[in-house]
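Asker: The following file, data.cif, comprises mmCIF, C-alpha atoms:
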data_work
#
loop_
_atom_site.label_atom_id
_atom_site.label_comp_id
_atom_site.auth_asym_id
_atom_site.auth_seq_id
_atom_site.Cartn_x
_atom_site.Cartn_y
_atom_site.Cartn_z
CA MET A 1 25.63 11.94 0.47
CA ARG A 2 25.37 14.87 2.81
CA VAL A 3 21.71 14.10 3.51
CA LEU A 4 22.64 10.52 4.41
CA LYS A 5 25.42 11.77 6.68
CA ASN A 6 23.03 14.20 8.36
CA ILE A 7 20.57 11.38 8.95
CA VAL A 8 23.20 9.06 10.43
CA THR A 9 24.62 11.72 12.76
CA GLN A 10 21.16 12.33 14.24
CA LEU A 11 20.10 8.69 14.47
CA HIS A 12 19.26 8.99 18.17
CA ARG A 13 16.70 11.73 17.36
CA TRP A 14 14.92 9.61 14.73
CA VAL A 15 14.73 6.63 17.08
CA PHE A 16 13.53 8.78 19.99
CA TRP A 17 10.84 10.43 17.84
CA ALA A 18 9.61 7.08 16.52
CA LEU A 19 9.29 5.72 20.07
CA LEU A 20 7.64 8.89 21.35
CA SER A 21 5.22 8.86 18.44
CA ALA A 22 4.26 5.22 19.03
CA VAL A 23 3.73 5.70 22.78
CA PHE A 24 1.79 8.95 22.37
CA TRP A 25 -0.59 7.69 19.69
CA ALA A 26 -1.10 4.37 21.47
CA TRP A 27 -2.24 6.42 24.47
CA ILE A 28 -4.48 8.61 22.29
CA PHE A 29 -6.03 5.52 20.72
CA THR A 30 -6.67 4.05 24.15
CA LEU A 31 -8.65 7.20 24.92
CA LEU A 32 -10.36 7.21 21.51
CA THR A 33 -11.43 3.61 21.66
CA ASP A 34 -12.81 3.87 25.17
CA THR A 35 -15.37 5.99 26.93
CA VAL A 36 -16.81 6.51 30.40
CA PRO A 37 -18.64 3.54 31.99
CA ALA A 38 -21.96 5.37 31.67
CA LYS A 39 -21.66 5.30 27.86
CA LYS A 40 -20.42 1.76 27.33
CA VAL A 41 -21.43 -1.77 28.11
CA THR A 42 -18.55 -4.04 29.03
CA LEU A 43 -18.65 -7.78 28.60
CA PHE A 44 -16.07 -10.10 30.12
CA VAL A 45 -15.85 -13.57 28.69
CA GLN A 46 -14.21 -16.51 30.40
CA THR A 47 -13.87 -18.64 27.29
CA GLU A 48 -10.62 -20.05 25.93
CA ASP A 49 -10.71 -17.86 22.84
CA CYS A 50 -12.72 -14.85 21.94
CA ARG A 51 -12.99 -12.78 18.77
CA THR A 52 -13.37 -9.66 20.84
CA GLU A 53 -13.50 -7.02 18.12
CA GLU A 54 -15.85 -8.96 15.86
CA LEU A 55 -18.18 -9.68 18.76
CA ALA A 56 -18.12 -6.04 19.89
CA LEU A 57 -18.93 -4.94 16.34
CA ARG A 58 -21.81 -7.38 16.13
CA LEU A 59 -23.22 -6.18 19.46
CA GLU A 60 -22.79 -2.55 18.41
CA GLU A 61 -25.08 -3.06 15.41
CA GLU A 62 -28.05 -2.02 17.52
CA LEU A 63 -26.78 0.07 20.40
CA PRO A 64 -29.28 1.05 23.08
CA PRO A 65 -29.88 4.82 23.41
CA GLY A 66 -27.10 6.65 25.28
CA ILE A 67 -24.55 3.89 24.70
CA LYS A 68 -21.58 4.64 22.45
CA MET A 69 -19.76 1.32 22.46
CA VAL A 70 -19.56 -2.25 23.60
CA LYS A 71 -16.24 -3.46 24.99
CA VAL A 72 -15.49 -7.16 25.02
CA HIS A 73 -12.61 -8.37 27.17
CA PRO A 74 -11.26 -11.88 27.41
CA PHE A 75 -11.31 -12.95 31.02
CA SER A 76 -7.99 -12.93 32.84
CA TYR A 77 -7.21 -13.25 36.51
CA MET A 78 -4.95 -10.22 36.15
CA LEU A 79 -8.10 -8.18 35.71
CA PHE A 80 -8.81 -8.60 39.41
CA ASP A 81 -5.87 -6.28 40.07
CA ASN A 82 -7.00 -3.28 38.08
CA GLY A 83 -10.64 -3.21 39.08
CA GLU A 84 -11.92 -3.51 35.50
CA LEU A 85 -13.55 -6.79 36.29
CA GLN A 86 -15.63 -5.27 39.06
CA THR A 87 -16.93 -2.49 36.81
CA ALA A 88 -18.02 -4.77 33.95
CA ASP A 89 -21.69 -5.09 33.11
CA LEU A 90 -21.95 -8.61 31.70
CA TYR A 91 -20.02 -11.81 32.24
CA VAL A 92 -19.85 -15.07 30.37
CA VAL A 93 -18.52 -17.46 33.01
CA ARG A 94 -17.86 -21.18 33.29
CA GLY A 95 -20.60 -23.22 34.89
CA SER A 96 -18.06 -24.75 37.28
CA GLU A 97 -17.27 -21.31 38.71
CA MET A 98 -20.79 -19.96 38.93
CA GLU A 99 -21.28 -20.83 42.59
CA SER A 100 -18.23 -18.96 43.81
CA LEU A 101 -19.15 -15.85 41.83
CA LEU A 102 -22.86 -15.71 42.70
CA PRO A 103 -22.64 -12.85 45.25
CA ASP A 104 -21.44 -10.53 42.47
CA PHE A 105 -24.35 -11.17 40.14
CA ALA A 106 -27.67 -9.40 39.81
CA PRO A 107 -31.00 -11.11 39.12
CA LEU A 108 -31.84 -11.08 35.43
CA ASP A 109 -35.07 -9.16 35.99
CA GLY A 110 -36.30 -7.69 32.75
CA LEU A 111 -34.11 -9.85 30.51
CA ASP A 112 -36.08 -11.44 27.69
CA TRP A 113 -34.22 -14.71 27.16
CA SER A 114 -37.15 -17.08 26.90
CA GLY A 115 -37.09 -17.06 23.10
CA ALA A 116 -33.57 -18.40 23.09
CA GLY A 117 -34.71 -21.69 24.61
CA LEU A 118 -31.95 -21.63 27.19
CA GLU A 119 -32.21 -22.66 30.80
CA PRO A 120 -31.76 -20.30 33.73
CA TYR A 121 -29.38 -20.60 36.66
CA VAL A 122 -31.56 -20.21 39.73
CA ALA A 123 -30.13 -19.70 43.20
CA GLU A 124 -32.20 -18.93 46.30
CA GLY A 125 -35.22 -18.38 44.13
CA ARG A 126 -33.51 -15.77 41.96
CA THR A 127 -32.43 -16.15 38.34
CA LEU A 128 -28.79 -15.09 38.40
CA GLY A 129 -27.69 -16.41 35.05
CA VAL A 130 -28.82 -17.92 31.82
CA LYS A 131 -27.03 -20.79 30.15
CA ILE A 132 -25.43 -19.39 27.02
CA TRP A 133 -23.67 -22.63 26.10
CA ASP A 134 -24.78 -26.17 26.82
CA ALA A 135 -21.82 -28.53 26.64
CA ALA A 136 -23.94 -31.71 26.53
CA SER A 137 -25.89 -30.73 23.42
CA GLY A 138 -23.22 -28.45 21.98
CA THR A 139 -25.74 -25.65 21.45
CA GLY A 140 -25.84 -22.05 22.54
CA ALA A 141 -25.24 -18.53 21.47
CA ALA A 142 -22.36 -16.74 19.78
CA GLU A 143 -20.48 -19.95 19.05
CA ASP A 144 -18.66 -18.27 16.17
CA TYR A 145 -17.26 -15.61 18.48
CA LEU A 146 -16.61 -17.43 21.74
CA GLY A 147 -14.34 -20.46 21.99
CA TYR A 148 -16.19 -22.54 24.57
CA GLU A 149 -14.16 -25.22 26.35
CA PRO A 150 -15.34 -28.76 25.68
CA GLY A 151 -17.32 -30.27 28.53
CA GLU A 152 -17.98 -26.92 30.17
CA ASP A 153 -21.30 -25.08 30.36
CA TYR A 154 -21.25 -21.31 30.22
CA TYR A 155 -23.61 -18.78 31.77
CA LEU A 156 -24.36 -15.19 30.97
CA CYS A 157 -24.65 -13.09 34.12
CA MET A 158 -24.92 -9.45 35.04
CA ASN A 159 -22.89 -7.48 37.52
CA ALA A 160 -24.94 -6.39 40.52
CA ASP A 161 -23.05 -3.07 40.44
CA SER A 162 -23.63 -2.40 36.74
CA LEU A 163 -24.85 1.06 35.78
CA HIS A 164 -26.92 -0.45 33.01
CA LEU A 165 -29.31 -2.79 34.81
CA GLY A 166 -33.06 -2.49 34.65
CA SER A 167 -33.06 0.19 37.35
CA GLY A 168 -30.60 2.20 35.24
CA ASP A 169 -30.94 2.60 31.48
CA GLY A 170 -31.33 -1.15 30.94
CA ALA A 171 -28.63 -1.16 28.27
CA ALA A 172 -26.90 -4.24 29.74
CA LEU A 173 -30.17 -6.15 29.35
CA ARG A 174 -30.49 -5.10 25.69
CA ILE A 175 -26.89 -6.11 24.93
CA ALA A 176 -27.39 -9.40 26.78
CA GLU A 177 -30.46 -10.09 24.66
CA ALA A 178 -28.52 -9.25 21.50
CA LEU A 179 -25.76 -11.65 22.59
CA LEU A 180 -28.24 -14.47 23.24
CA LYS A 181 -29.76 -13.98 19.80
CA ILE A 182 -26.45 -14.52 17.99
CA GLY A 183 -26.71 -17.99 16.57
CA MET B 1 43.40 47.86 -9.11
CA GLU B 2 41.54 44.71 -8.23
CA THR B 3 39.21 44.85 -5.23
CA ILE B 4 38.58 42.29 -2.56
CA ARG B 5 35.26 40.57 -3.18
CA ASP B 6 33.15 39.94 -0.08
CA LEU B 7 32.02 36.35 0.43
CA TYR B 8 28.65 37.68 1.56
CA SER B 9 27.09 40.51 -0.40
CA PRO B 10 23.94 42.31 0.82
CA GLU B 11 22.07 40.20 -1.77
CA ASP B 12 23.44 37.04 -0.16
CA ILE B 13 22.14 38.21 3.20
CA SER B 14 18.70 38.93 1.71
CA ARG B 15 18.77 35.52 0.07
CA LEU B 16 19.54 33.89 3.43
CA GLN B 17 16.72 35.81 5.09
CA ARG B 18 14.32 34.59 2.39
CA LYS B 19 15.64 31.06 2.81
CA ILE B 20 14.96 31.19 6.55
CA LYS B 21 11.36 32.23 5.86
CA ARG B 22 11.01 29.35 3.40
CA GLU B 23 12.42 26.94 5.96
CA TRP B 24 9.89 28.14 8.53
CA VAL B 25 7.17 27.34 5.98
CA TRP B 26 8.61 23.83 5.55
CA VAL B 27 8.90 23.25 9.31
CA LEU B 28 5.51 24.67 10.30
CA GLY B 29 3.84 23.26 7.17
CA GLY B 30 5.31 19.81 7.81
CA ALA B 31 4.26 19.82 11.45
CA GLY B 32 0.79 21.20 10.67
CA LEU B 33 0.14 18.78 7.83
CA THR B 34 1.30 15.82 9.93
CA LEU B 35 -0.96 16.83 12.81
CA ALA B 36 -3.90 17.45 10.47
CA LEU B 37 -3.47 14.04 8.83
CA CYS B 38 -3.26 12.32 12.21
CA VAL B 39 -6.39 14.09 13.48
CA ALA B 40 -8.24 13.22 10.23
CA LEU B 41 -7.30 9.56 10.62
CA CYS B 42 -8.38 9.61 14.28
CA CYS B 43 -11.75 11.03 13.23
CA ARG B 44 -12.24 8.12 10.84
CA THR B 45 -11.44 5.52 13.52
CA THR B 46 -14.12 2.97 14.31
CA THR B 47 -14.25 -0.22 16.38
CA ALA B 48 -13.69 -2.17 13.16
CA ASN B 49 -10.60 -0.36 11.91
CA TRP B 50 -8.89 1.04 14.99
CA ARG B 51 -5.87 -1.26 14.78
CA GLN B 52 -5.11 -0.28 11.15
CA MET B 53 -5.81 3.37 11.95
CA GLU B 54 -3.49 3.31 14.96
CA LEU B 55 -0.69 1.90 12.80
CA ALA B 56 -1.42 4.44 10.05
CA VAL B 57 -1.38 7.36 12.50
CA ILE B 58 1.88 6.18 14.07
CA ALA B 59 3.44 5.85 10.60
CA VAL B 60 2.24 9.29 9.48
CA SER B 61 3.31 10.89 12.74
CA THR B 62 6.74 9.24 12.65
CA LEU B 63 7.49 10.09 9.00
CA GLY B 64 6.04 13.60 9.26
CA GLY B 65 7.95 14.17 12.47
CA TRP B 66 11.20 12.98 10.89
CA PHE B 67 10.68 15.33 7.97
CA THR B 68 9.92 18.26 10.27
CA ILE B 69 12.86 17.55 12.57
CA TYR B 70 15.16 17.21 9.56
CA ARG B 71 14.07 20.57 8.11
CA ARG B 72 14.38 22.17 11.53
CA LEU B 73 17.86 20.79 12.18
CA PHE B 74 19.42 20.96 8.74
CA GLY B 75 17.36 23.57 6.90
CA LEU B 76 16.25 26.21 9.34
CA ALA B 77 19.02 25.97 11.94
CA GLU B 78 21.83 25.88 9.39
CA SER B 79 20.39 28.85 7.50
CA ARG B 80 20.11 30.83 10.71
CA HIS B 81 23.69 29.98 11.67
CA GLU B 82 24.84 31.02 8.23
CA LEU B 83 22.97 34.33 8.43
CA GLN B 84 24.43 35.04 11.88
CA HIS B 85 27.88 34.23 10.51
CA ALA B 86 27.38 36.48 7.46
CA GLU B 87 26.22 39.38 9.61
CA TYR B 88 29.14 38.80 11.97
CA LEU B 89 31.62 38.93 9.05
CA ARG B 90 30.11 42.13 7.72
CA ASN B 91 30.25 43.89 11.07
CA GLU B 92 33.62 42.74 12.41
CA PRO B 93 36.80 44.80 11.80
CA ARG B 94 38.92 43.23 9.08
CA THR B 95 42.59 42.55 8.43
CA GLN B 96 44.21 41.58 5.15
CA LEU B 97 46.72 38.88 4.40
CA ARG B 98 48.49 37.86 1.23
CA GLY B 99 49.79 34.52 0.11
CA ARG B 100 49.11 31.44 -1.97
CA LEU B 101 45.73 29.94 -1.16
CA GLY B 102 45.23 26.25 -0.57
CA VAL B 103 41.78 24.70 -0.15
CA THR B 104 42.13 21.62 2.08
CA LYS B 105 39.63 18.81 2.67
CA GLU B 106 39.82 19.34 6.43
CA LYS B 107 36.47 20.18 8.00
CA LEU B 108 35.37 21.34 11.41
CA ARG B 109 31.97 21.35 13.00
CA ILE B 110 31.27 23.62 15.92
CA LYS B 111 28.07 22.79 17.75
CA ASN B 112 25.24 25.23 16.97
CA SER B 113 27.32 26.98 14.34
CA ILE B 114 28.32 26.72 10.70
CA ARG B 115 30.36 23.95 9.11
CA ILE B 116 33.93 25.11 8.61
CA ARG B 117 36.51 24.26 5.97
CA ILE B 118 40.18 24.87 6.66
CA LEU B 119 42.22 26.86 4.13
CA THR B 120 45.95 27.44 4.03
CA LEU B 121 47.70 30.64 3.08
CA GLU B 122 51.38 30.28 2.30
CA ASP B 123 53.50 33.40 2.39
CA GLY B 124 57.30 33.12 2.18
CA GLY B 125 57.44 29.69 3.74
CA GLN B 126 55.00 30.61 6.49
CA ILE B 127 51.73 28.70 6.35
CA ARG B 128 48.67 30.10 8.07
CA ARG B 129 45.50 28.13 8.64
CA LEU B 130 42.33 30.03 7.94
CA LYS B 131 38.70 29.17 8.41
CA VAL B 132 35.84 29.66 6.00
CA ASN B 133 32.18 28.71 5.91
CA GLU B 134 32.04 25.40 4.03
CA ASN B 135 29.07 26.61 1.97
CA ARG B 136 31.36 29.31 0.50
CA VAL B 137 34.22 27.01 -0.53
CA LYS B 138 32.90 26.83 -4.10
CA ALA B 139 33.51 30.57 -4.47
CA LEU B 140 37.14 30.05 -3.45
CA LYS B 141 37.94 27.10 -5.72
CA GLU B 142 38.95 29.38 -8.58
CA TRP B 143 41.66 30.81 -6.31
CA ASP B 144 43.03 27.47 -5.20
CA GLY B 145 46.85 27.43 -5.61
CA LYS B 146 46.97 31.09 -6.69
CA PRO B 147 48.40 34.13 -4.95
CA VAL B 148 45.54 36.00 -3.28
CA THR B 149 44.69 38.69 -0.82
CA VAL B 150 42.21 37.58 1.78
CA SER B 151 40.22 39.73 4.11
CA LEU B 152 39.75 38.20 7.58
CA ALA B 153 37.12 38.97 10.19
CA GLY B 154 37.48 37.27 13.55
CA GLY B 155 39.71 34.58 12.03
CA TYR B 156 37.25 33.74 9.24
CA VAL B 157 37.75 34.51 5.57
CA ALA B 158 35.33 37.32 4.74
CA GLY B 159 36.54 38.32 1.28
CA ILE B 160 39.07 37.42 -1.38
CA GLY B 161 40.79 39.03 -4.34
CA GLY B 162 43.92 38.80 -6.48
CA SER B 163 47.37 39.23 -4.99
CA ASP B 164 47.38 42.96 -5.69
CA ALA B 165 43.87 43.54 -4.44
CA GLY B 166 43.35 46.11 -1.72
CA THR B 167 46.75 47.77 -2.23
#
Could you write out this file's structure as structure tokens?

Answerer:
Amino acid sequence: MRVLKNIVTQLHRWVFWALLSAVFWAWIFTLLTDTVPAKKVTLFVQTEDCRTEELALRLEEELPPGIKMVKVHPFSYMLFDNGELQTADLYVVRGSEMESLLPDFAPLDGLDWSGAGLEPYVAEGRTLGVKIWDAASGTGAAEDYLGYEPGEDYYLCMNADSLHLGSGDGAALRIAEALLKIG
Amino acid sequence: METIRDLYSPEDISRLQRKIKREWVWVLGGAGLTLALCVALCCRTTTANWRQMELAVIAVSTLGGWFTIYRRLFGLAESRHELQHAEYLRNEPRTQLRGRLGVTKEKLRIKNSIRIRILTLEDGGQIRRLKVNENRVKALKEWDGKPVTVSLAGGYVAGIGGSDAGT
């Protein structure tokens, strides 16, 4: 009885500790499950749905040297505010929005996508994207992980500012190839 | 001649000192074990299980923290207050009063101090209200309703004996 009374009289402390604990460990886990841009490859996907963790796990099965993790983020316009979008390495974007985003993309030099049988997106003589989902035929890559919108083609592109392009460690290219190989 | 029996003997004070050491073990052990478990769970976190691990760590941290806070507030702090009170009673000058003792159910709680039980001492129609550490009320129950001599230190009951004790 006395124990119960003690607990009730200090209710505010138990509630405060529980909240503090949740906030602190959520912050710690944010740090634990992330790393510096040099050690991760980030993929933003503009699909309706995305099984982000499963896709990240699949892409992490064969990590390029020096890379600790793959982060997959569903695309959101809010991301423009925090700069995360600009520091991503790979994008899966809608075909209808490709033209407006072209200045941000790097040529896919060094990317081996020919085996996937997918068509490139060529602008001004440069290959700036590869079609990862063809709406007309309903074929493409990573269909189990990415919820493609009906009637919309999707392209895989690379950020021109990525640290992991061919001139860097090339890790973005290896992850892009791994993504294209997912049936 | 009957003597007045102190509520706190030197053995009681040693017992309290040992209890405080034990409480420190509970508090530090609880905090250390909680932290160690949380760190161990963090070390086993992967991309596949991080959501479950985060929930597990929050649960361990919350429960372990509650346990530690409880021992700190109600084990360690109360023992320290009781030891301070016991040492205070042993060092303060004392006065003696006689009368019929009554153990009431009235309790007082002073912040950062012991829990107090109110006693009454009736002597020739005059009723005095006395204070005693609630943890020592059991030792006074046998005197409830009987004529006693109490020894007071700073308004607190420090010892008790029969009505002819201390004469």

Asker: List, as a VMD selection string, every residue that the PyMOL selection byres ((chain A) within 8 of (chain B)) selects in the file provided.

Answerer: chain A and resid 6 to 7 14 17 to 18 21 to 22 25 to 26 29 32 to 33 53 to 54 56 to 57

Asker: Would you list the contacts of Glu61 of chain A as a ChimeraX atom specification, taking every protein, DNA or RNA residue within 12 Å and counting all atoms listed in the file, but skipping same-chain residues closer than 6 positions in sequence?

Answerer: /A:54-55,67-70,174-175,178-179,182 /B:47-48

Asker: Write the residues of the selection above to a file with C-alpha atoms, as a PDB file, in the coordinates of the input.

Answerer:
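Produced file out-v2.pdb, reproduced below:
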ATOM      1  CA  GLU A  54     -15.850  -8.960  15.860  1.00  0.00           C
ATOM      2  CA  LEU A  55     -18.180  -9.680  18.760  1.00  0.00           C
ATOM      3  CA  ILE A  67     -24.550   3.890  24.700  1.00  0.00           C
ATOM      4  CA  LYS A  68     -21.580   4.640  22.450  1.00  0.00           C
ATOM      5  CA  MET A  69     -19.760   1.320  22.460  1.00  0.00           C
ATOM      6  CA  VAL A  70     -19.560  -2.250  23.600  1.00  0.00           C
ATOM      7  CA  ARG A 174     -30.490  -5.100  25.690  1.00  0.00           C
ATOM      8  CA  ILE A 175     -26.890  -6.110  24.930  1.00  0.00           C
ATOM      9  CA  ALA A 178     -28.520  -9.250  21.500  1.00  0.00           C
ATOM     10  CA  LEU A 179     -25.760 -11.650  22.590  1.00  0.00           C
ATOM     11  CA  ILE A 182     -26.450 -14.520  17.990  1.00  0.00           C
TER      12      ILE A 182
ATOM     13  CA  THR B  47     -14.250  -0.220  16.380  1.00  0.00           C
ATOM     14  CA  ALA B  48     -13.690  -2.170  13.160  1.00  0.00           C
TER      15      ALA B  48
END

Asker: Could you spell out the hits of the PyMOL selection byres ((chain B and resi 157-165) around 9) on the shown file, as a ChimeraX atom specification?

Answerer: /B:1-8,86,89-90,94,98-100,119,130-133,140,143,146-156,166-167

Asker: Expand the PyMOL selection byres ((chain A and resi 38) around 12) into the individual residues it matches in the shown file, reporting them as a list in words.

Answerer: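 Evaluating the PyMOL selection byres ((chain A and resi 38) around 12) on these coordinates yields Asp34, Thr35, Val36, Pro37, Lys39, Lys40, Val41, Thr42, Pro65, Gly66, Ile67, Lys68, Met69, Val70, Thr87, Ala88, Asp89, Ser162, Leu163, His164, Leu165, Gly168, Asp169, Gly170, Ala171 and Ala172 of chain A.
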
Asker: By how many Å are atom CA of Glu134 of chain B and atom CA of Lys107 of chain B apart?

Answerer: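 Atom CA of Lys107 of chain B lies 7.9 Å from atom CA of Glu134 of chain B.
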
Asker: Using the atoms already present, construct all heavy atoms for segment 17-26 of chain A and hand them back as a compact mmCIF listing (two decimals), in the frame of the given file.

Answerer:
# COMPACT_ATOMS: atom_id res chain seq x y z
N TRP A 17 12.13 9.93 18.36
CA TRP A 17 10.84 10.43 17.84
C TRP A 17 9.90 9.27 17.50
O TRP A 17 8.70 9.33 17.79
CB TRP A 17 11.05 11.31 16.61
CG TRP A 17 9.74 11.72 16.04
CD1 TRP A 17 9.13 11.23 14.93
CD2 TRP A 17 8.81 12.67 16.59
NE1 TRP A 17 7.91 11.80 14.75
CE2 TRP A 17 7.67 12.69 15.76
CE3 TRP A 17 8.83 13.48 17.72
CZ2 TRP A 17 6.57 13.50 16.01
CZ3 TRP A 17 7.73 14.28 17.98
CH2 TRP A 17 6.62 14.29 17.13
N ALA A 18 10.45 8.22 16.88
CA ALA A 18 9.61 7.08 16.52
C ALA A 18 8.99 6.45 17.78
O ALA A 18 7.79 6.13 17.80
CB ALA A 18 10.41 6.04 15.74
N LEU A 19 9.79 6.30 18.82
CA LEU A 19 9.29 5.72 20.07
C LEU A 19 8.24 6.63 20.71
O LEU A 19 7.17 6.18 21.14
CB LEU A 19 10.44 5.49 21.06
CG LEU A 19 11.42 4.38 20.69
CD1 LEU A 19 12.58 4.34 21.69
CD2 LEU A 19 10.71 3.03 20.69
N LEU A 20 8.56 7.92 20.75
CA LEU A 20 7.64 8.89 21.35
C LEU A 20 6.31 8.89 20.60
O LEU A 20 5.23 8.90 21.21
CB LEU A 20 8.27 10.29 21.29
CG LEU A 20 7.54 11.40 22.04
CD1 LEU A 20 7.68 11.18 23.53
CD2 LEU A 20 8.09 12.76 21.66
N SER A 21 6.41 8.85 19.29
CA SER A 21 5.22 8.86 18.44
C SER A 21 4.36 7.62 18.72
O SER A 21 3.14 7.72 18.88
CB SER A 21 5.68 8.89 16.98
OG SER A 21 4.61 8.82 16.13
N ALA A 22 5.01 6.47 18.79
CA ALA A 22 4.26 5.22 19.03
C ALA A 22 3.57 5.24 20.40
O ALA A 22 2.39 4.90 20.51
CB ALA A 22 5.20 4.03 18.94
N VAL A 23 4.30 5.68 21.42
CA VAL A 23 3.73 5.70 22.78
C VAL A 23 2.59 6.71 22.86
O VAL A 23 1.50 6.42 23.37
CB VAL A 23 4.82 6.03 23.82
CG1 VAL A 23 4.22 6.30 25.19
CG2 VAL A 23 5.82 4.89 23.91
N PHE A 24 2.80 7.90 22.30
CA PHE A 24 1.79 8.95 22.37
C PHE A 24 0.49 8.53 21.67
O PHE A 24 -0.60 8.64 22.23
CB PHE A 24 2.33 10.24 21.76
CG PHE A 24 1.30 11.34 21.68
CD1 PHE A 24 0.96 12.04 22.84
CD2 PHE A 24 0.67 11.68 20.50
CE1 PHE A 24 0.00 13.04 22.79
CE2 PHE A 24 -0.28 12.68 20.44
CZ PHE A 24 -0.61 13.37 21.60
N TRP A 25 0.62 8.03 20.44
CA TRP A 25 -0.59 7.69 19.69
C TRP A 25 -1.26 6.44 20.24
O TRP A 25 -2.50 6.30 20.13
CB TRP A 25 -0.28 7.57 18.20
CG TRP A 25 -0.05 8.91 17.60
CD1 TRP A 25 1.15 9.42 17.18
CD2 TRP A 25 -1.01 9.97 17.42
NE1 TRP A 25 0.99 10.71 16.74
CE2 TRP A 25 -0.33 11.08 16.87
CE3 TRP A 25 -2.38 10.10 17.67
CZ2 TRP A 25 -0.96 12.28 16.57
CZ3 TRP A 25 -3.00 11.30 17.37
CH2 TRP A 25 -2.30 12.36 16.82
N ALA A 26 -0.48 5.54 20.82
CA ALA A 26 -1.10 4.37 21.47
C ALA A 26 -1.98 4.85 22.62
O ALA A 26 -3.10 4.36 22.84
CB ALA A 26 -0.03 3.41 21.95
